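Pasting upload.pdb here (PDB, C-alpha atoms):
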ATOM      1  CA  MET A   4      -0.463  12.038  -7.456
ATOM      2  CA  GLY A   5      -0.919  14.706 -10.027
ATOM      3  CA  GLY A   6      -2.765  12.880 -12.794
ATOM      4  CA  HIS A   7      -3.756   9.677 -11.085
ATOM      5  CA  GLY A   8      -4.317  11.052  -7.605
ATOM      6  CA  SER A   9      -4.912  14.762  -7.213
ATOM      7  CA  ASP A  10      -6.937  15.094 -10.408
ATOM      8  CA  SER A  11      -8.718  11.767 -10.395
ATOM      9  CA  LYS A  12     -12.437  11.424  -9.945
ATOM     10  CA  GLY A  13     -11.941  10.229  -6.426
ATOM     11  CA  LYS A  14     -11.289   6.520  -6.915
ATOM     12  CA  LYS A  15      -9.940   5.500  -3.543
ATOM     13  CA  SER A  16      -7.044   3.124  -3.166
ATOM     14  CA  SER A  17      -7.056   0.822  -0.139
ATOM     15  CA  GLY A  18      -3.970   0.638   2.028
ATOM     16  CA  VAL A  19      -3.229  -2.910   0.853
ATOM     17  CA  ALA A  20      -3.598  -1.920  -2.812
ATOM     18  CA  SER A  21      -1.355   1.130  -2.360
ATOM     19  CA  PHE A  22       1.253  -1.038  -0.640
ATOM     20  CA  ALA A  23       1.166  -3.735  -3.357
ATOM     21  CA  LYS A  24       1.317  -1.251  -6.236
ATOM     22  CA  GLY A  25       4.227   0.456  -4.510
ATOM     23  CA  LEU A  26       6.145  -2.827  -4.254
ATOM     24  CA  LEU A  27       5.828  -3.558  -7.971
ATOM     25  CA  THR A  28       6.513   0.018  -9.029
ATOM     26  CA  GLY A  29       9.636   0.214  -6.888
ATOM     27  CA  ALA A  30      11.138  -3.033  -8.195
ATOM     28  CA  ILE A  31      10.698  -2.016 -11.840
ATOM     29  CA  GLU A  32      12.040   1.494 -11.244
ATOM     30  CA  ALA A  33      15.149   0.287  -9.369
ATOM     31  CA  ILE A  34      16.210  -2.325 -11.945
ATOM     32  CA  VAL A  35      16.042   0.205 -14.777
ATOM     33  CA  CYS A  36      17.664   3.120 -12.936
ATOM     34  CA  TYR A  37      20.330   1.636 -10.649
ATOM     35  CA  PRO A  38      23.434   2.118 -12.886
ATOM     36  CA  THR A  39      22.913   5.898 -13.004
ATOM     37  CA  GLU A  40      22.513   5.961  -9.207
ATOM     38  CA  LEU A  41      25.806   4.102  -8.757
ATOM     39  CA  VAL A  42      27.628   6.518 -11.078
ATOM     40  CA  LYS A  43      26.153   9.539  -9.261
ATOM     41  CA  THR A  44      27.282   8.165  -5.904
ATOM     42  CA  GLN A  45      30.837   7.484  -7.083
ATOM     43  CA  LEU A  46      31.141  11.020  -8.486
ATOM     44  CA  GLN A  47      30.020  12.417  -5.117
ATOM     45  CA  LEU A  48      32.483  10.269  -3.173
ATOM     46  CA  GLN A  49      35.610  11.083  -5.193
ATOM     47  CA  SER A  50      38.108  13.700  -4.042
ATOM     48  CA  LYS A  51      37.781  17.160  -5.579
ATOM     49  CA  SER A  52      41.568  17.705  -5.553
ATOM     50  CA  ASN A  53      42.358  14.346  -7.145
ATOM     51  CA  PRO A  54      39.217  13.152  -8.991
ATOM     52  CA  GLU A  55      39.189   9.630 -10.389
ATOM     53  CA  TYR A  56      36.524  10.336 -12.997
ATOM     54  CA  LYS A  57      36.118  13.121 -15.556
ATOM     55  CA  GLY A  58      32.365  12.793 -15.594
ATOM     56  CA  MET A  59      29.358  10.494 -15.829
ATOM     57  CA  VAL A  60      30.425   8.587 -18.964
ATOM     58  CA  ASP A  61      34.057   8.240 -17.845
ATOM     59  CA  CYS A  62      32.903   6.854 -14.502
ATOM     60  CA  ALA A  63      30.613   4.295 -16.160
ATOM     61  CA  VAL A  64      33.301   3.203 -18.655
ATOM     62  CA  LYS A  65      35.982   2.794 -15.967
ATOM     63  CA  THR A  66      33.587   0.909 -13.691
ATOM     64  CA  VAL A  67      32.742  -1.580 -16.459
ATOM     65  CA  LYS A  68      36.409  -1.893 -17.489
ATOM     66  CA  ILE A  69      37.544  -2.743 -13.963
ATOM     67  CA  ASN A  70      34.532  -4.672 -12.619
ATOM     68  CA  GLY A  71      32.568  -5.705 -15.709
ATOM     69  CA  ILE A  72      28.896  -4.918 -16.394
ATOM     70  CA  LYS A  73      28.047  -6.348 -12.980
ATOM     71  CA  GLY A  74      30.055  -3.466 -11.493
ATOM     72  CA  LEU A  75      27.240  -1.097 -12.483
ATOM     73  CA  TYR A  76      24.974  -3.131 -10.202
ATOM     74  CA  ALA A  77      27.291  -3.250  -7.167
ATOM     75  CA  GLY A  78      25.093  -2.886  -4.098
ATOM     76  CA  ALA A  79      21.950  -3.146  -6.244
ATOM     77  CA  LEU A  80      20.115  -5.830  -4.254
ATOM     78  CA  PRO A  81      19.326  -3.704  -1.200
ATOM     79  CA  LEU A  82      18.299  -0.808  -3.445
ATOM     80  CA  ILE A  83      15.917  -3.005  -5.458
ATOM     81  CA  VAL A  84      14.427  -4.393  -2.246
ATOM     82  CA  GLY A  85      14.548  -0.946  -0.674
ATOM     83  CA  SER A  86      12.979   0.736  -3.700
ATOM     84  CA  SER A  87      10.016  -1.594  -3.350
ATOM     85  CA  GLY A  88       9.815  -0.742   0.344
ATOM     86  CA  LYS A  89      10.304   2.938  -0.400
ATOM     87  CA  GLN A  90       7.500   3.092  -2.941
ATOM     88  CA  SER A  91       5.219   1.087  -0.663
ATOM     89  CA  ALA A  92       5.849   3.436   2.270
ATOM     90  CA  ARG A  93       5.501   6.472   0.009
ATOM     91  CA  TRP A  94       2.219   5.536  -1.644
ATOM     92  CA  TYR A  95       0.643   4.118   1.504
ATOM     93  CA  ALA A  96       1.406   7.372   3.357
ATOM     94  CA  TYR A  97       0.433   9.591   0.424
ATOM     95  CA  ASP A  98      -2.850   7.852  -0.421
ATOM     96  CA  THR A  99      -3.819   7.627   3.252
ATOM     97  CA  ALA A 100      -3.110  11.314   3.893
ATOM     98  CA  ALA A 101      -4.693  12.417   0.607
ATOM     99  CA  SER A 102      -7.944  10.651   1.477
ATOM    100  CA  PHE A 103      -8.481  13.237   4.223
ATOM    101  CA  PHE A 104      -7.916  16.252   1.977
ATOM    102  CA  ARG A 105      -9.683  15.433  -1.309
ATOM    103  CA  ASP A 106     -12.771  17.426  -2.247
ATOM    104  CA  ASP A 107     -16.010  15.907  -3.582
ATOM    105  CA  LYS A 108     -14.438  15.544  -7.035
ATOM    106  CA  GLY A 109     -11.376  13.764  -5.688
ATOM    107  CA  LYS A 110      -9.075  16.760  -6.209
ATOM    108  CA  LEU A 111      -6.317  18.090  -3.940
ATOM    109  CA  THR A 112      -5.279  21.706  -3.465
ATOM    110  CA  ILE A 113      -1.584  22.457  -4.030
ATOM    111  CA  PRO A 114      -0.860  23.038  -0.287
ATOM    112  CA  ALA A 115      -2.610  19.757   0.597
ATOM    113  CA  ASN A 116      -0.682  17.949  -2.146
ATOM    114  CA  MET A 117       2.588  19.358  -0.794
ATOM    115  CA  PHE A 118       1.726  18.287   2.748
ATOM    116  CA  CYS A 119       0.814  14.765   1.630
ATOM    117  CA  GLY A 120       4.061  14.628  -0.342
ATOM    118  CA  LEU A 121       6.036  15.715   2.718
ATOM    119  CA  LEU A 122       4.470  12.931   4.799
ATOM    120  CA  ALA A 123       5.154  10.430   2.011
ATOM    121  CA  GLY A 124       8.810  11.459   1.771
ATOM    122  CA  THR A 125       9.347  11.324   5.515
ATOM    123  CA  SER A 126       7.758   7.888   5.680
ATOM    124  CA  GLU A 127       9.953   6.430   2.944
ATOM    125  CA  ALA A 128      13.091   8.004   4.450
ATOM    126  CA  VAL A 129      12.562   6.352   7.832
ATOM    127  CA  PHE A 130      11.234   2.965   6.765
ATOM    128  CA  ALA A 131      13.328   2.277   3.663
ATOM    129  CA  VAL A 132      15.634   4.867   2.136
ATOM    130  CA  THR A 133      18.141   5.502   4.945
ATOM    131  CA  PRO A 134      19.236   1.898   5.628
ATOM    132  CA  ILE A 135      19.125   0.923   1.955
ATOM    133  CA  GLU A 136      21.117   3.924   0.733
ATOM    134  CA  THR A 137      23.674   3.441   3.490
ATOM    135  CA  ILE A 138      24.369  -0.086   2.246
ATOM    136  CA  LYS A 139      24.449   1.075  -1.385
ATOM    137  CA  THR A 140      26.871   3.902  -0.578
ATOM    138  CA  ARG A 141      29.186   1.759   1.542
ATOM    139  CA  VAL A 142      29.389  -0.992  -1.095
ATOM    140  CA  ALA A 143      29.930   1.548  -3.913
ATOM    141  CA  ASP A 144      32.656   3.329  -1.894
ATOM    142  CA  ASP A 145      34.300   0.005  -1.064
ATOM    143  CA  GLN A 146      34.361  -0.882  -4.770
ATOM    144  CA  ARG A 147      35.665   2.577  -5.740
ATOM    145  CA  LYS A 148      38.555   2.352  -3.252
ATOM    146  CA  GLY A 149      39.271  -1.276  -4.103
ATOM    147  CA  THR A 150      39.362  -2.183  -0.399
ATOM    148  CA  ARG A 151      37.107  -5.218  -0.885
ATOM    149  CA  ASN A 152      35.741  -5.133   2.647
ATOM    150  CA  TYR A 153      32.387  -6.459   1.470
ATOM    151  CA  LYS A 154      31.594  -9.416  -0.755
ATOM    152  CA  GLY A 155      28.193  -7.962  -1.547
ATOM    153  CA  SER A 156      25.153  -6.239  -0.131
ATOM    154  CA  ILE A 157      24.153  -8.955   2.353
ATOM    155  CA  ASP A 158      27.734  -9.254   3.593
ATOM    156  CA  ALA A 159      27.850  -5.476   4.075
ATOM    157  CA  ILE A 160      24.614  -5.463   6.084
ATOM    158  CA  ILE A 161      25.888  -8.212   8.401
ATOM    159  CA  LYS A 162      29.317  -6.623   8.919
ATOM    160  CA  ILE A 163      28.032  -3.076   9.469
ATOM    161  CA  ILE A 164      25.430  -4.155  12.040
ATOM    162  CA  LYS A 165      27.980  -6.417  13.744
ATOM    163  CA  THR A 166      30.629  -3.699  14.079
ATOM    164  CA  GLU A 167      28.526  -0.540  14.373
ATOM    165  CA  GLY A 168      25.147  -1.741  15.568
ATOM    166  CA  LEU A 169      21.789  -0.935  14.005
ATOM    167  CA  GLY A 170      22.722   2.754  14.091
ATOM    168  CA  GLY A 171      25.396   2.003  11.504
ATOM    169  CA  ILE A 172      22.828   1.608   8.766
ATOM    170  CA  TYR A 173      20.907   4.674   9.945
ATOM    171  CA  ARG A 174      23.737   7.163   9.494
ATOM    172  CA  GLY A 175      22.554  10.203   7.563
ATOM    173  CA  VAL A 176      18.916   9.757   8.578
ATOM    174  CA  VAL A 177      18.409  13.510   9.139
ATOM    175  CA  PRO A 178      19.619  14.680   5.690
ATOM    176  CA  THR A 179      17.752  11.731   4.178
ATOM    177  CA  ILE A 180      14.473  12.858   5.773
ATOM    178  CA  MET A 181      15.250  16.401   4.601
ATOM    179  CA  LYS A 182      15.968  15.176   1.078
ATOM    180  CA  GLN A 183      13.071  12.741   0.712
ATOM    181  CA  GLY A 184      10.589  15.046   2.411
ATOM    182  CA  THR A 185      11.582  17.924   0.117
ATOM    183  CA  ASN A 186      11.632  15.592  -2.902
ATOM    184  CA  GLN A 187       8.051  14.454  -2.534
ATOM    185  CA  MET A 188       6.755  17.793  -1.251
ATOM    186  CA  VAL A 189       8.004  19.331  -4.530
ATOM    187  CA  ARG A 190       7.395  16.451  -6.951
ATOM    188  CA  PHE A 191       3.716  15.790  -6.314
ATOM    189  CA  PRO A 192       2.552  19.380  -6.976
ATOM    190  CA  PHE A 193       5.060  19.761  -9.851
ATOM    191  CA  GLN A 194       3.675  16.579 -11.416
ATOM    192  CA  GLN A 195       0.162  17.885 -10.874
ATOM    193  CA  PHE A 196       1.136  21.130 -12.662
ATOM    194  CA  TYR A 197       2.952  19.477 -15.579
ATOM    195  CA  VAL A 198       0.209  16.929 -16.260
ATOM    196  CA  LYS A 199      -2.336  19.754 -16.494
ATOM    197  CA  VAL A 200      -0.090  21.637 -18.930
ATOM    198  CA  LEU A 201       0.556  18.546 -21.087
ATOM    199  CA  THR A 202      -3.093  17.436 -21.203
ATOM    200  CA  LYS A 203      -4.618  20.938 -21.237
ATOM    201  CA  GLY A 204      -7.021  19.711 -18.576
ATOM    202  CA  ASP A 205      -8.451  16.860 -20.670
ATOM    203  CA  GLU A 206      -9.919  14.456 -18.061
ATOM    204  CA  VAL A 207      -9.300  11.380 -20.250
ATOM    205  CA  LYS A 208      -5.646  12.261 -20.899
ATOM    206  CA  ILE A 209      -5.111  13.130 -17.221
ATOM    207  CA  LYS A 210      -5.709   9.460 -16.370
ATOM    208  CA  ASN A 211      -3.352   8.233 -19.137
ATOM    209  CA  PRO A 212      -0.204   6.615 -17.622
ATOM    210  CA  LEU A 213       2.017   7.980 -20.422
ATOM    211  CA  TYR A 214       1.051  11.606 -19.787
ATOM    212  CA  ASN A 215       1.502  10.994 -16.051
ATOM    213  CA  GLY A 216       4.939   9.471 -16.696
ATOM    214  CA  LEU A 217       6.145  12.378 -18.830
ATOM    215  CA  ALA A 218       4.857  14.863 -16.251
ATOM    216  CA  GLY A 219       6.612  12.816 -13.577
ATOM    217  CA  ALA A 220       9.934  12.944 -15.438
ATOM    218  CA  LEU A 221       9.666  16.739 -15.694
ATOM    219  CA  ALA A 222       8.731  16.977 -12.006
ATOM    220  CA  GLY A 223      11.681  14.788 -11.050
ATOM    221  CA  ALA A 224      14.108  16.949 -13.017
ATOM    222  CA  SER A 225      12.707  20.098 -11.401
ATOM    223  CA  SER A 226      13.176  18.688  -7.906
ATOM    224  CA  VAL A 227      16.834  17.703  -8.367
ATOM    225  CA  ILE A 228      18.265  21.209  -8.015
ATOM    226  CA  VAL A 229      16.313  21.768  -4.784
ATOM    227  CA  THR A 230      17.666  18.630  -3.127
ATOM    228  CA  MET A 231      21.259  18.199  -4.408
ATOM    229  CA  PRO A 232      22.973  19.666  -1.295
ATOM    230  CA  GLN A 233      21.043  17.297   1.014
ATOM    231  CA  ASP A 234      21.886  14.368  -1.273
ATOM    232  CA  THR A 235      25.612  15.172  -1.276
ATOM    233  CA  VAL A 236      25.705  15.501   2.532
ATOM    234  CA  LYS A 237      23.812  12.220   2.854
ATOM    235  CA  SER A 238      26.264  10.377   0.575
ATOM    236  CA  ARG A 239      29.293  11.725   2.441
ATOM    237  CA  MET A 240      27.884  10.767   5.851
ATOM    238  CA  GLN A 241      27.028   7.265   4.652
ATOM    239  CA  SER A 242      30.421   6.619   3.004
ATOM    240  CA  GLU A 243      33.126   4.341   4.384
ATOM    241  CA  GLY A 244      34.754   6.306   7.219
ATOM    242  CA  GLY A 245      31.896   8.819   7.283
ATOM    243  CA  LYS A 246      31.298   8.138  10.969
ATOM    244  CA  LEU A 247      34.860   9.215  11.791
ATOM    245  CA  LYS A 248      34.930  12.239   9.465
ATOM    246  CA  TYR A 249      31.629  13.867  10.411
ATOM    247  CA  SER A 250      30.060  14.239  13.833
ATOM    248  CA  SER A 251      26.683  15.441  12.558
ATOM    249  CA  THR A 252      24.711  16.601   9.528
ATOM    250  CA  LEU A 253      25.683  20.215  10.194
ATOM    251  CA  ASP A 254      29.344  19.279  10.674
ATOM    252  CA  CYS A 255      29.356  17.465   7.325
ATOM    253  CA  PHE A 256      27.728  20.439   5.582
ATOM    254  CA  GLN A 257      30.216  22.903   7.081
ATOM    255  CA  LYS A 258      33.275  20.784   6.209
ATOM    256  CA  ILE A 259      32.207  20.325   2.598
ATOM    257  CA  LEU A 260      31.503  24.048   2.295
ATOM    258  CA  LYS A 261      34.848  24.980   3.865
ATOM    259  CA  ASN A 262      37.069  22.428   2.125
ATOM    260  CA  GLU A 263      35.452  22.020  -1.279
ATOM    261  CA  GLY A 264      33.234  25.025  -1.820
ATOM    262  CA  PHE A 265      29.520  25.559  -2.396
ATOM    263  CA  ALA A 266      29.621  24.218  -5.969
ATOM    264  CA  PHE A 267      30.616  20.777  -4.700
ATOM    265  CA  PHE A 268      27.154  20.341  -3.198
ATOM    266  CA  PHE A 269      25.982  19.996  -6.800
ATOM    267  CA  SER A 270      28.543  17.347  -7.724
ATOM    268  CA  GLY A 271      26.825  14.514  -9.565
ATOM    269  CA  THR A 272      23.880  16.686 -10.613
ATOM    270  CA  ILE A 273      23.767  15.444 -14.221
ATOM    271  CA  PRO A 274      23.723  11.697 -13.446
ATOM    272  CA  ARG A 275      21.211  12.331 -10.655
ATOM    273  CA  LEU A 276      19.090  14.386 -13.064
ATOM    274  CA  VAL A 277      19.064  11.450 -15.485
ATOM    275  CA  ARG A 278      18.381   8.920 -12.748
ATOM    276  CA  VAL A 279      15.648  10.939 -11.018
ATOM    277  CA  SER A 280      13.881  11.795 -14.282
ATOM    278  CA  LEU A 281      13.830   8.089 -15.150
ATOM    279  CA  ASP A 282      12.843   7.158 -11.600
ATOM    280  CA  VAL A 283       9.927   9.566 -11.280
ATOM    281  CA  GLY A 284       8.851   9.104 -14.890
ATOM    282  CA  ILE A 285       8.669   5.324 -14.444
ATOM    283  CA  THR A 286       6.933   5.707 -11.076
ATOM    284  CA  PHE A 287       4.174   7.937 -12.426
ATOM    285  CA  THR A 288       3.735   5.645 -15.428
ATOM    286  CA  VAL A 289       3.651   2.283 -13.644
ATOM    287  CA  TYR A 290       1.590   3.273 -10.583
ATOM    288  CA  PRO A 291      -1.428   4.665 -12.502
ATOM    289  CA  PHE A 292      -1.149   1.745 -14.948
ATOM    290  CA  LEU A 293      -1.413  -0.726 -12.067
ATOM    291  CA  SER A 294      -4.263   1.354 -10.613
ATOM    292  CA  GLN A 295      -6.372   0.368 -13.610
ATOM    293  CA  PHE A 296      -6.354  -3.196 -12.279
ATOM    294  CA  PHE A 297      -6.448  -2.855  -8.475
TER     295      PHE A 297
END

Will you turn the file into structure tokens for me?
Amino acid sequence: MGGHGSDSKGKKSSGVASFAKGLLTGAIEAIVCYPTELVKTQLQLQSKSNPEYKGMVDCAVKTVKINGIKGLYAGALPLIVGSSGKQSARWYAYDTAASFFRDDKGKLTIPANMFCGLLAGTSEAVFAVTPIETIKTRVADDQRKGTRNYKGSIDAIIKIIKTEGLGGIYRGVVPTIMKQGTNQMVRFPFQQFYVKVLTKGDEVKIKNPLYNGLAGALAGASSVIVTMPQDTVKSRMQSEGGKLKYSSTLDCFQKILKNEGFAFFFSGTIPRLVRVSLDVGITFTVYPFLSQFF
């Protein structure tokens, strides 16, 4: 981590501590950020030729009007649980890998930080993000279409596994690994860069959770543009009927490009920018804060 990790004085975090801090960080981040994630997903799932929503605000307003405030949290349970798992997998992998690359002062080079971020992103994609985001996307798509196939997240998990097997909740695993791996490979060094700029290298400020959080928000925003195409492909593959529409990650990419154009890969960029900035900002605030205690 930029301020807390790569520029710290080498305070090592045990695997258990990294796992526990990740659990708490993920739960807090998911509860705050979920509505923007739901809106982003619905914008990505709508038809380009006959869009249901004019934009982020229109989507949120219509969702609340039709389904109430609780509609903004449709499919939230697996994401809250999954966010905790995601952060645990991420920080366990990152801290473990980083322990092999830190110098005597506890610092990481940018290439080492990128590599540790890549491992962290891959770990969270496999162990948490893919199944959780599949459930979230299927429930959100079901709500958007009004098909009411699922009563909630748990019902969706049971029905998908029953009808499609375990592979049903692992659709889109390749673009998810690509997205999460790229996300963390970019975010950790970006956060490291921004925290140095904001603190001007002041060692006391570098450890401050607020400076880390602001640097994290900037890093999150910077990473969105790099990973939007992977995110759009992932959402399409994980949607209701995605298994029938797309035979592979490449097939999904080619069909979107052919039928809807390159610009569509960046559909939902603004809500994702808001959500990711909040997500990463909260993550890099809460994790170093908790690190002061254990």

Residues of range 137-163 of chain A that have any atom at most 12 Å from an atom of range 58-68 of chain A: could you tabulate them with the shortest-distance atom pair and the distance in Å to one decimal, using only C-alpha atoms, ordered by chain and increasing number, as a tab-separated table?
residue	atom	partner	partner_atom	distance
A:Ala143	CA	A:Thr66	CA	10.5
A:Gln146	CA	A:Thr66	CA	9.1
A:Arg147	CA	A:Thr66	CA	8.4
A:Lys148	CA	A:Thr66	CA	11.7
A:Gly149	CA	A:Thr66	CA	11.4

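Selection result for the displayed file, with the PyMOL selection byres ((chain A and resi 273) around 12) as criterion, is A:Thr39, A:Glu40, A:Val42, A:Lys43, A:Thr44, A:Leu46, A:Gln47, A:Gly58, A:Met59, A:Val60, A:Ala224, A:Val227, A:Ile228, A:Met231, A:Phe269, A:Ser270, A:Gly271, A:Thr272, A:Pro274, A:Arg275, A:Leu276, A:Val277, A:Arg278, A:Val279, A:Ser280.
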
Item to check | Picked residues, the PyMOL selection byres ((chain A and resi 139) around 9), as a VMD selection string | outcome: chain A and resid 41 44 77 to 82 134 to 138 140 to 144 156

Using C-alpha atoms, can you export the residues from the last selection as a short mmCIF file (atom, residue, chain, number, x, y, z; two decimals), keeping the file's coordinate frame?
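Output file selection_27.cif is given in full below:
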data_model
loop_
_atom_site.label_atom_id
_atom_site.label_comp_id
_atom_site.auth_asym_id
_atom_site.auth_seq_id
_atom_site.Cartn_x
_atom_site.Cartn_y
_atom_site.Cartn_z
CA LEU A 41 25.81 4.10 -8.76
CA THR A 44 27.28 8.16 -5.90
CA ALA A 77 27.29 -3.25 -7.17
CA GLY A 78 25.09 -2.89 -4.10
CA ALA A 79 21.95 -3.15 -6.24
CA LEU A 80 20.11 -5.83 -4.25
CA PRO A 81 19.33 -3.70 -1.20
CA LEU A 82 18.30 -0.81 -3.44
CA PRO A 134 19.24 1.90 5.63
CA ILE A 135 19.12 0.92 1.96
CA GLU A 136 21.12 3.92 0.73
CA THR A 137 23.67 3.44 3.49
CA ILE A 138 24.37 -0.09 2.25
CA THR A 140 26.87 3.90 -0.58
CA ARG A 141 29.19 1.76 1.54
CA VAL A 142 29.39 -0.99 -1.10
CA ALA A 143 29.93 1.55 -3.91
CA ASP A 144 32.66 3.33 -1.89
CA SER A 156 25.15 -6.24 -0.13
#

Next on the checklist: Given the PyMOL selection byres ((chain A and resi 96-103) around 10) and the file above, list the residues it selects as a PyMOL selection string.
Outcome noted: chain A and resi 4+8-9+13-18+21-22+90-95+104-106+109-111+115-116+118-127+187+191

Could those selected residues go to a file with C-alpha atoms, as a compact mmCIF listing (two decimals), in the coordinates of the input?
# COMPACT_ATOMS: atom_id res chain seq x y z
CA MET A 4 -0.46 12.04 -7.46
CA GLY A 8 -4.32 11.05 -7.60
CA SER A 9 -4.91 14.76 -7.21
CA GLY A 13 -11.94 10.23 -6.43
CA LYS A 14 -11.29 6.52 -6.92
CA LYS A 15 -9.94 5.50 -3.54
CA SER A 16 -7.04 3.12 -3.17
CA SER A 17 -7.06 0.82 -0.14
CA GLY A 18 -3.97 0.64 2.03
CA SER A 21 -1.36 1.13 -2.36
CA PHE A 22 1.25 -1.04 -0.64
CA GLN A 90 7.50 3.09 -2.94
CA SER A 91 5.22 1.09 -0.66
CA ALA A 92 5.85 3.44 2.27
CA ARG A 93 5.50 6.47 0.01
CA TRP A 94 2.22 5.54 -1.64
CA TYR A 95 0.64 4.12 1.50
CA PHE A 104 -7.92 16.25 1.98
CA ARG A 105 -9.68 15.43 -1.31
CA ASP A 106 -12.77 17.43 -2.25
CA GLY A 109 -11.38 13.76 -5.69
CA LYS A 110 -9.07 16.76 -6.21
CA LEU A 111 -6.32 18.09 -3.94
CA ALA A 115 -2.61 19.76 0.60
CA ASN A 116 -0.68 17.95 -2.15
CA PHE A 118 1.73 18.29 2.75
CA CYS A 119 0.81 14.76 1.63
CA GLY A 120 4.06 14.63 -0.34
CA LEU A 121 6.04 15.72 2.72
CA LEU A 122 4.47 12.93 4.80
CA ALA A 123 5.15 10.43 2.01
CA GLY A 124 8.81 11.46 1.77
CA THR A 125 9.35 11.32 5.52
CA SER A 126 7.76 7.89 5.68
CA GLU A 127 9.95 6.43 2.94
CA GLN A 187 8.05 14.45 -2.53
CA PHE A 191 3.72 15.79 -6.31

Item to check | Nearest residue to Ile31 in chain A from the set A:Ser294, A:Thr252, A:Thr288, A:Ser52 (distances using all atoms listed in the file) | outcome: A:Thr288

Checklist entry - Taking (26.8, 19.7, 5.1) in the file's coordinates as the center, which residues reach within 10 Å of it, counting all atoms listed in the file, put as number ranges by chain? => result A: 178, 232-237, 239-240, 249, 251-261, 265, 268

Item to check | Top pick for closest residue to Glu167 in chain A, considering A:Gly284, A:Asn53, A:Lys246, A:Val198 and counting all atoms listed in the file | outcome: A:Lys246

Could you work out an axis-aligned box for range 120-124 of chain A, taking every atom the file lists and adding 5 Å on each side, and report centre and edge lengths in Å to one decimal, as lines of an AutoDock Vina configuration file?
center_x = 6.4
center_y = 13.1
center_z = 2.2
size_x = 14.7
size_y = 15.3
size_z = 15.1

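The interatomic distance for the pair CA of Cys36 in chain A and CA of Thr286 in chain A works out to 11.2 Å.
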
Checklist outcome for this item: Between A:Val177, A:Gly204, A:Thr166, A:Ser226, smallest distance to Arg190 in chain A by all atoms listed in the file belongs to A:Ser226

Checklist outcome for this item: Residue with the minimum atom-to-atom distance to Gly171 in chain A, picked from A:Asn215, A:Thr112, A:Ser242, A:Gln45 with all atoms listed in the file counted, is A:Ser242

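Rounded to one decimal, CA of Leu169 in chain A and CA of Ala33 in chain A lie 24.3 Å from each other.
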
Checklist entry - With distances taken over all atoms listed in the file, which of A:Asp107, A:Gly85, A:Ile164, A:Phe267 is nearest to Thr133 in chain A? => result A:Gly85

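Note that CA of Gly244 in chain A and CA of Asn152 in chain A are 12.4 Å apart.
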
Val289 in chain A: which residues within 8 Å, counting all atoms listed in the file, same-chain residues fewer than 4 positions away excluded, as a compact mmCIF listing (two decimals) with C-alpha atoms, in the frame of the given file?
# COMPACT_ATOMS: atom_id res chain seq x y z
CA THR A 28 6.51 0.02 -9.03
CA PRO A 212 -0.20 6.62 -17.62
CA GLY A 216 4.94 9.47 -16.70
CA ILE A 285 8.67 5.32 -14.44
CA LEU A 293 -1.41 -0.73 -12.07

Checklist entry - Pick the closest to Ala23 in chain A from A:Ser50, A:Ser250, A:Asn70, A:Ser87: which is it, counting all atoms listed in the file? => result A:Ser87
